[in-house]
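Q: Take a look at upload31.cif, mmCIF, C-alpha atoms:
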```
data_my_file
#
loop_
_atom_site.group_PDB
_atom_site.id
_atom_site.type_symbol
_atom_site.label_atom_id
_atom_site.label_comp_id
_atom_site.auth_asym_id
_atom_site.auth_seq_id
_atom_site.Cartn_x
_atom_site.Cartn_y
_atom_site.Cartn_z
ATOM 1 C CA MET A 1 7.586 34.312 5.077
ATOM 2 C CA TYR A 2 5.059 33.084 2.523
ATOM 3 C CA GLN A 3 3.144 35.447 0.296
ATOM 4 C CA VAL A 4 -0.503 35.524 -0.755
ATOM 5 C CA GLY A 5 -1.004 32.965 -3.522
ATOM 6 C CA ASP A 6 1.865 30.687 -2.472
ATOM 7 C CA LEU A 7 1.186 26.966 -2.352
ATOM 8 C CA ILE A 8 2.563 25.316 0.761
ATOM 9 C CA VAL A 9 2.358 21.984 2.551
ATOM 10 C CA TYR A 10 0.706 22.449 5.922
ATOM 11 C CA GLY A 11 1.381 19.282 7.908
ATOM 12 C CA GLY A 12 -1.189 16.532 7.559
ATOM 13 C CA THR A 13 -3.630 18.892 5.854
ATOM 14 C CA GLY A 14 -1.476 18.804 2.736
ATOM 15 C CA VAL A 15 -1.329 21.452 0.046
ATOM 16 C CA CYS A 16 -2.808 24.820 0.982
ATOM 17 C CA ARG A 17 -2.903 28.208 -0.735
ATOM 18 C CA VAL A 18 -1.963 31.258 1.314
ATOM 19 C CA MET A 19 -5.022 33.494 1.050
ATOM 20 C CA GLU A 20 -4.006 36.267 3.453
ATOM 21 C CA VAL A 21 -1.153 37.323 5.681
ATOM 22 C CA GLY A 22 -2.064 39.757 8.387
ATOM 23 C CA PRO A 23 -2.440 40.526 12.065
ATOM 24 C CA GLN A 24 -5.133 38.886 14.166
ATOM 25 C CA THR A 25 -6.246 39.633 17.698
ATOM 26 C CA GLY A 26 -3.192 40.382 19.801
ATOM 27 C CA GLY A 27 -1.166 41.752 16.891
ATOM 28 C CA ARG A 28 0.512 38.457 15.863
ATOM 29 C CA LEU A 29 0.807 37.803 12.147
ATOM 30 C CA TYR A 30 -1.291 34.922 10.863
ATOM 31 C CA TYR A 31 -1.618 33.064 7.609
ATOM 32 C CA THR A 32 -5.081 32.361 6.307
ATOM 33 C CA LEU A 33 -4.786 29.090 4.408
ATOM 34 C CA GLU A 34 -7.241 27.227 2.210
ATOM 35 C CA PRO A 35 -6.581 23.561 1.501
ATOM 36 C CA VAL A 36 -6.459 23.019 -2.262
ATOM 37 C CA TYR A 37 -8.412 19.771 -1.812
ATOM 38 C CA GLY A 38 -10.749 20.795 0.958
ATOM 39 C CA SER A 39 -13.326 23.361 1.922
ATOM 40 C CA CYS A 40 -12.196 25.041 5.096
ATOM 41 C CA ARG A 41 -10.000 27.914 6.216
ATOM 42 C CA ILE A 42 -7.038 27.555 8.503
ATOM 43 C CA PHE A 43 -5.658 30.401 10.584
ATOM 44 C CA THR A 44 -2.139 29.753 11.797
ATOM 45 C CA PRO A 45 0.558 32.015 13.227
ATOM 46 C CA VAL A 46 3.339 32.936 10.825
ATOM 47 C CA GLU A 47 5.767 31.854 13.549
ATOM 48 C CA ASN A 48 4.130 28.418 13.899
ATOM 49 C CA SER A 49 6.618 25.849 15.158
ATOM 50 C CA LYS A 50 4.081 23.125 15.926
ATOM 51 C CA VAL A 51 2.982 22.279 12.370
ATOM 52 C CA LEU A 52 5.371 21.761 9.476
ATOM 53 C CA MET A 53 4.975 24.369 6.762
ATOM 54 C CA ARG A 54 7.067 24.327 3.619
ATOM 55 C CA PRO A 55 6.757 25.286 -0.036
ATOM 56 C CA ILE A 56 5.475 22.531 -2.316
ATOM 57 C CA VAL A 57 8.073 20.780 -4.459
ATOM 58 C CA THR A 58 8.882 22.415 -7.771
ATOM 59 C CA ARG A 59 7.825 20.942 -11.098
ATOM 60 C CA GLN A 60 11.445 19.899 -11.695
ATOM 61 C CA GLU A 61 11.656 18.158 -8.304
ATOM 62 C CA ALA A 62 8.363 16.353 -8.968
ATOM 63 C CA GLU A 63 9.561 15.197 -12.410
ATOM 64 C CA ARG A 64 12.887 14.030 -10.961
ATOM 65 C CA LEU A 65 11.107 12.085 -8.229
ATOM 66 C CA ILE A 66 8.905 10.340 -10.800
ATOM 67 C CA ASP A 67 11.963 9.566 -12.934
ATOM 68 C CA GLU A 68 13.574 7.836 -9.918
ATOM 69 C CA ILE A 69 10.651 5.433 -9.386
ATOM 70 C CA PRO A 70 12.031 2.585 -11.549
ATOM 71 C CA ALA A 71 15.203 2.512 -9.428
ATOM 72 C CA ILE A 72 13.372 2.306 -6.095
ATOM 73 C CA GLN A 73 13.406 -1.166 -4.557
ATOM 74 C CA PRO A 74 10.466 -1.159 -2.146
ATOM 75 C CA GLU A 75 10.529 -3.490 0.827
ATOM 76 C CA ALA A 76 7.335 -4.494 2.550
ATOM 77 C CA TYR A 77 7.389 -3.814 6.279
ATOM 78 C CA TYR A 78 5.838 -6.428 8.533
ATOM 79 C CA ASN A 79 5.165 -6.263 12.236
ATOM 80 C CA LYS A 80 2.587 -8.306 14.114
ATOM 81 C CA VAL A 81 2.409 -5.675 16.839
ATOM 82 C CA LEU A 82 -0.076 -3.142 15.435
ATOM 83 C CA ARG A 83 1.204 -0.326 17.634
ATOM 84 C CA GLU A 84 4.717 -0.772 16.224
ATOM 85 C CA LEU A 85 3.420 -1.036 12.646
ATOM 86 C CA THR A 86 1.441 2.168 13.174
ATOM 87 C CA GLU A 87 4.448 3.966 14.696
ATOM 88 C CA HIS A 88 6.667 2.876 11.787
ATOM 89 C CA TYR A 89 4.222 4.185 9.164
ATOM 90 C CA ASP A 90 3.366 7.302 11.170
ATOM 91 C CA THR A 91 7.028 8.277 11.531
ATOM 92 C CA ILE A 92 7.478 8.153 7.759
ATOM 93 C CA LEU A 93 4.164 9.851 7.016
ATOM 94 C CA LYS A 94 4.919 12.760 9.354
ATOM 95 C CA THR A 95 8.061 13.680 7.417
ATOM 96 C CA TYR A 96 5.656 15.079 4.785
ATOM 97 C CA ASN A 97 8.498 14.495 2.328
ATOM 98 C CA CYS A 98 7.452 13.439 -1.188
ATOM 99 C CA GLY A 99 10.353 11.004 -1.559
ATOM 100 C CA GLU A 100 9.567 9.316 1.751
ATOM 101 C CA LEU A 101 5.835 9.237 0.992
ATOM 102 C CA LEU A 102 6.586 7.625 -2.357
ATOM 103 C CA LYS A 103 8.739 4.945 -0.708
ATOM 104 C CA LEU A 104 6.022 4.348 1.889
ATOM 105 C CA THR A 105 3.315 3.870 -0.738
ATOM 106 C CA MET A 106 5.574 1.605 -2.775
ATOM 107 C CA SER A 107 6.425 -0.518 0.276
ATOM 108 C CA ILE A 108 2.737 -0.972 1.095
ATOM 109 C CA TYR A 109 2.024 -1.819 -2.578
ATOM 110 C CA ALA A 110 4.815 -4.409 -2.347
ATOM 111 C CA LYS A 111 3.181 -5.840 0.757
ATOM 112 C CA LYS A 112 -0.139 -5.947 -1.087
ATOM 113 C CA GLN A 113 1.429 -7.840 -4.006
ATOM 114 C CA GLU A 114 3.101 -10.314 -1.661
ATOM 115 C CA ALA A 115 -0.222 -10.948 0.063
ATOM 116 C CA GLN A 116 -1.898 -11.491 -3.335
ATOM 117 C CA LYS A 117 -5.271 -12.998 -2.460
ATOM 118 C CA ARG A 118 -5.405 -11.740 1.109
ATOM 119 C CA ARG A 119 -6.517 -8.238 1.887
ATOM 120 C CA LEU A 120 -4.209 -5.716 3.429
ATOM 121 C CA GLY A 121 -4.769 -5.008 7.083
ATOM 122 C CA ALA A 122 -6.684 -1.919 8.152
ATOM 123 C CA VAL A 123 -3.493 -0.167 9.321
ATOM 124 C CA ASP A 124 -1.766 -0.747 5.971
ATOM 125 C CA GLU A 125 -4.850 0.417 4.019
ATOM 126 C CA SER A 126 -5.239 3.521 6.154
ATOM 127 C CA PHE A 127 -1.623 4.618 5.799
ATOM 128 C CA LEU A 128 -1.591 3.804 2.081
ATOM 129 C CA HIS A 129 -4.554 6.113 1.510
ATOM 130 C CA ARG A 130 -3.130 8.889 3.701
ATOM 131 C CA ALA A 131 0.301 8.718 2.044
ATOM 132 C CA GLU A 132 -1.197 8.630 -1.468
ATOM 133 C CA ASP A 133 -3.428 11.573 -0.659
ATOM 134 C CA LEU A 134 -0.547 13.718 0.573
ATOM 135 C CA LEU A 135 1.809 12.617 -2.227
ATOM 136 C CA PHE A 136 -0.631 12.879 -5.137
ATOM 137 C CA SER A 137 -1.984 16.219 -3.912
ATOM 138 C CA GLU A 138 1.465 17.763 -3.802
ATOM 139 C CA LEU A 139 2.521 16.282 -7.139
ATOM 140 C CA ALA A 140 -0.735 17.506 -8.718
ATOM 141 C CA ALA A 141 -0.074 21.040 -7.515
ATOM 142 C CA ALA A 142 3.566 20.973 -8.639
ATOM 143 C CA LEU A 143 2.761 19.490 -12.048
ATOM 144 C CA GLU A 144 -0.368 21.625 -12.495
ATOM 145 C CA LEU A 145 -2.570 18.553 -12.956
ATOM 146 C CA ASP A 146 -5.889 17.521 -11.491
ATOM 147 C CA ARG A 147 -5.334 15.166 -8.590
ATOM 148 C CA GLU A 148 -7.040 12.334 -10.509
ATOM 149 C CA GLN A 149 -4.509 12.712 -13.330
ATOM 150 C CA VAL A 150 -1.438 12.101 -11.146
ATOM 151 C CA GLN A 151 -1.527 8.306 -10.913
ATOM 152 C CA PRO A 152 -2.036 7.785 -14.689
ATOM 153 C CA TYR A 153 0.668 10.402 -15.362
ATOM 154 C CA ILE A 154 3.132 8.567 -13.122
ATOM 155 C CA ALA A 155 2.213 5.204 -14.661
ATOM 156 C CA ALA A 156 2.766 6.535 -18.193
ATOM 157 C CA ARG A 157 6.126 8.088 -17.285
ATOM 158 C CA VAL A 158 7.341 4.920 -15.544
ATOM 159 C CA GLU A 159 6.185 2.734 -18.449
ATOM 160 C CA ALA A 160 8.001 4.993 -20.923
ATOM 161 C CA ALA A 161 11.151 4.753 -18.801
ATOM 162 C CA TRP A 162 10.927 0.944 -18.769
ATOM 163 C CA ARG A 163 10.455 0.833 -22.556
ATOM 164 C CA SER A 164 13.497 3.036 -23.106
ATOM 165 C CA LEU A 165 15.787 0.649 -21.202
ATOM 166 C CA PRO A 166 18.044 -1.522 -23.366
ATOM 167 C CA GLN A 167 16.627 -5.012 -23.824
#
```
Show the structure stored in the file as structure tokens.
A:
Amino acid sequence: MYQVGDLIVYGGTGVCRVMEVGPQTGGRLYYTLEPVYGSCRIFTPVENSKVLMRPIVTRQEAERLIDEIPAIQPEAYYNKVLRELTEHYDTILKTYNCGELLKLTMSIYAKKQEAQKRRLGAVDESFLHRAEDLLFSELAAALELDREQVQPYIAARVEAAWRSLPQ
């Protein structure tokens, strides 16, 4: 059970802070959650099996994930059938796993680079933004950074790792 003040991932909402834990009508225990990057309140049963809830990654896990970026070989995913492209991306996105979200964003970036002068399709753009939002929000919370600082932080760490490699 999560405690007041805990930061958790609540499905597609992303990072939320547990504001209260207590009974609601009917006596069931509920969490009152506030999205860290939003302005609403969510009331969800403690025994919620429909929406994934988990603690955010630790600072060490976030740092390790960033350190692994240079070794990741992203592969662009192509499918002319939009439904299948959407299902592929949606399956990965709904893991709400930072490592999988990172690979998803990198694969869409790879697709964008391969396309060069052409724009990405609407499905690719949509999933890129959703995956980045979930990933960067969780990394920001774990690393105690503002969300806007995450991408430059990652870029600096990856660049430093590349410079430290033997020439």
Q: Would you compute the distance between CA of Leu135 (chain A) and CA of Asn97 (chain A)? Give it in Å to one decimal.
A: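 These two atoms are separated by 8.3 Å.
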Q: On this structure, the PyMOL selection byres ((chain A and resi 111-126) around 12) would catch which residues? List them as a ChimeraX atom specification, sorted by chain and number.
A: /A:74-90,93,104-110,127-133
Q: Give me the residues within 9 Å of Gln60 (chain A) as a list in words, counting all atoms listed in the file and dropping any in the same chain fewer than 4 places off.
A: Arg64, Leu65, Ala142 and Leu143 of chain A
Q: Could you give me, as a PyMOL selection string, the residues that have an atom at most 12 Å away from the point (-9.4, 34.1, 8.0) in the coordinates of the file, using all atoms listed in the file?
A: chain A and resi 18-25+29-34+40-45
Q: Selection in question (the file shown): the PyMOL selection byres ((chain A and resi 151) around 12). Which residues does it include, as a PyMOL selection string?
A: chain A and resi 66+102+132-133+135-137+139-140+145-150+152-158
Q: Between CA of Glu144 (chain A) and CA of Cys16 (chain A), measure the distance and give it in Å to one decimal.
A: 14.1 Å
Q: Can you work out the spacing between CA of Pro35 (chain A) and CA of Thr13 (chain A) in Å, to one decimal?
A: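 Computing the Euclidean distance for CA of Pro35 (chain A) and CA of Thr13 (chain A) yields 7.0 Å.
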Q: Counting all atoms listed in the file, figure out which residue out of A:Leu52, A:Met1, A:Val36, A:Val46 gets nearest to Val15 (chain A).
A: A:Val36
Q: I'd like to know which of A:Lys103, A:Asn48, A:Pro55, A:Ala62 is closest to Gln3 (chain A), using all atoms listed in the file.
A: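 Among the listed residues, A:Pro55 lies closest to Gln3 (chain A).
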Q: With only C-alpha atoms as the atoms that count, which of A:Ser39, A:Val9, A:Gly27, A:Pro70 lies nearest to Arg54 (chain A)?
A: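 Going through A:Ser39, A:Val9, A:Gly27, A:Pro70 one by one, the smallest distance to Arg54 (chain A) is for A:Val9.
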Q: Between A:Gly99, A:Gly38, A:Gly26, A:Gly14, which one has atoms that come closest to Glu61 (chain A), using all atoms listed in the file?
A: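 Between A:Gly99, A:Gly38, A:Gly26, A:Gly14, the residue approaching Glu61 (chain A) most closely is A:Gly99.
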Q: Set up a box along x, y and z of the file covering all listed atoms of region 53-70 of chain A, add 4 Å on every one of the six sides, and write the centre and edge lengths in Å to one decimal, as AutoDock Vina command-line options.
A:
```
--center_x 9.3 --center_y 13.9 --center_z -3.1 --size_x 16.6 --size_y 30.7 --size_z 27.7
```
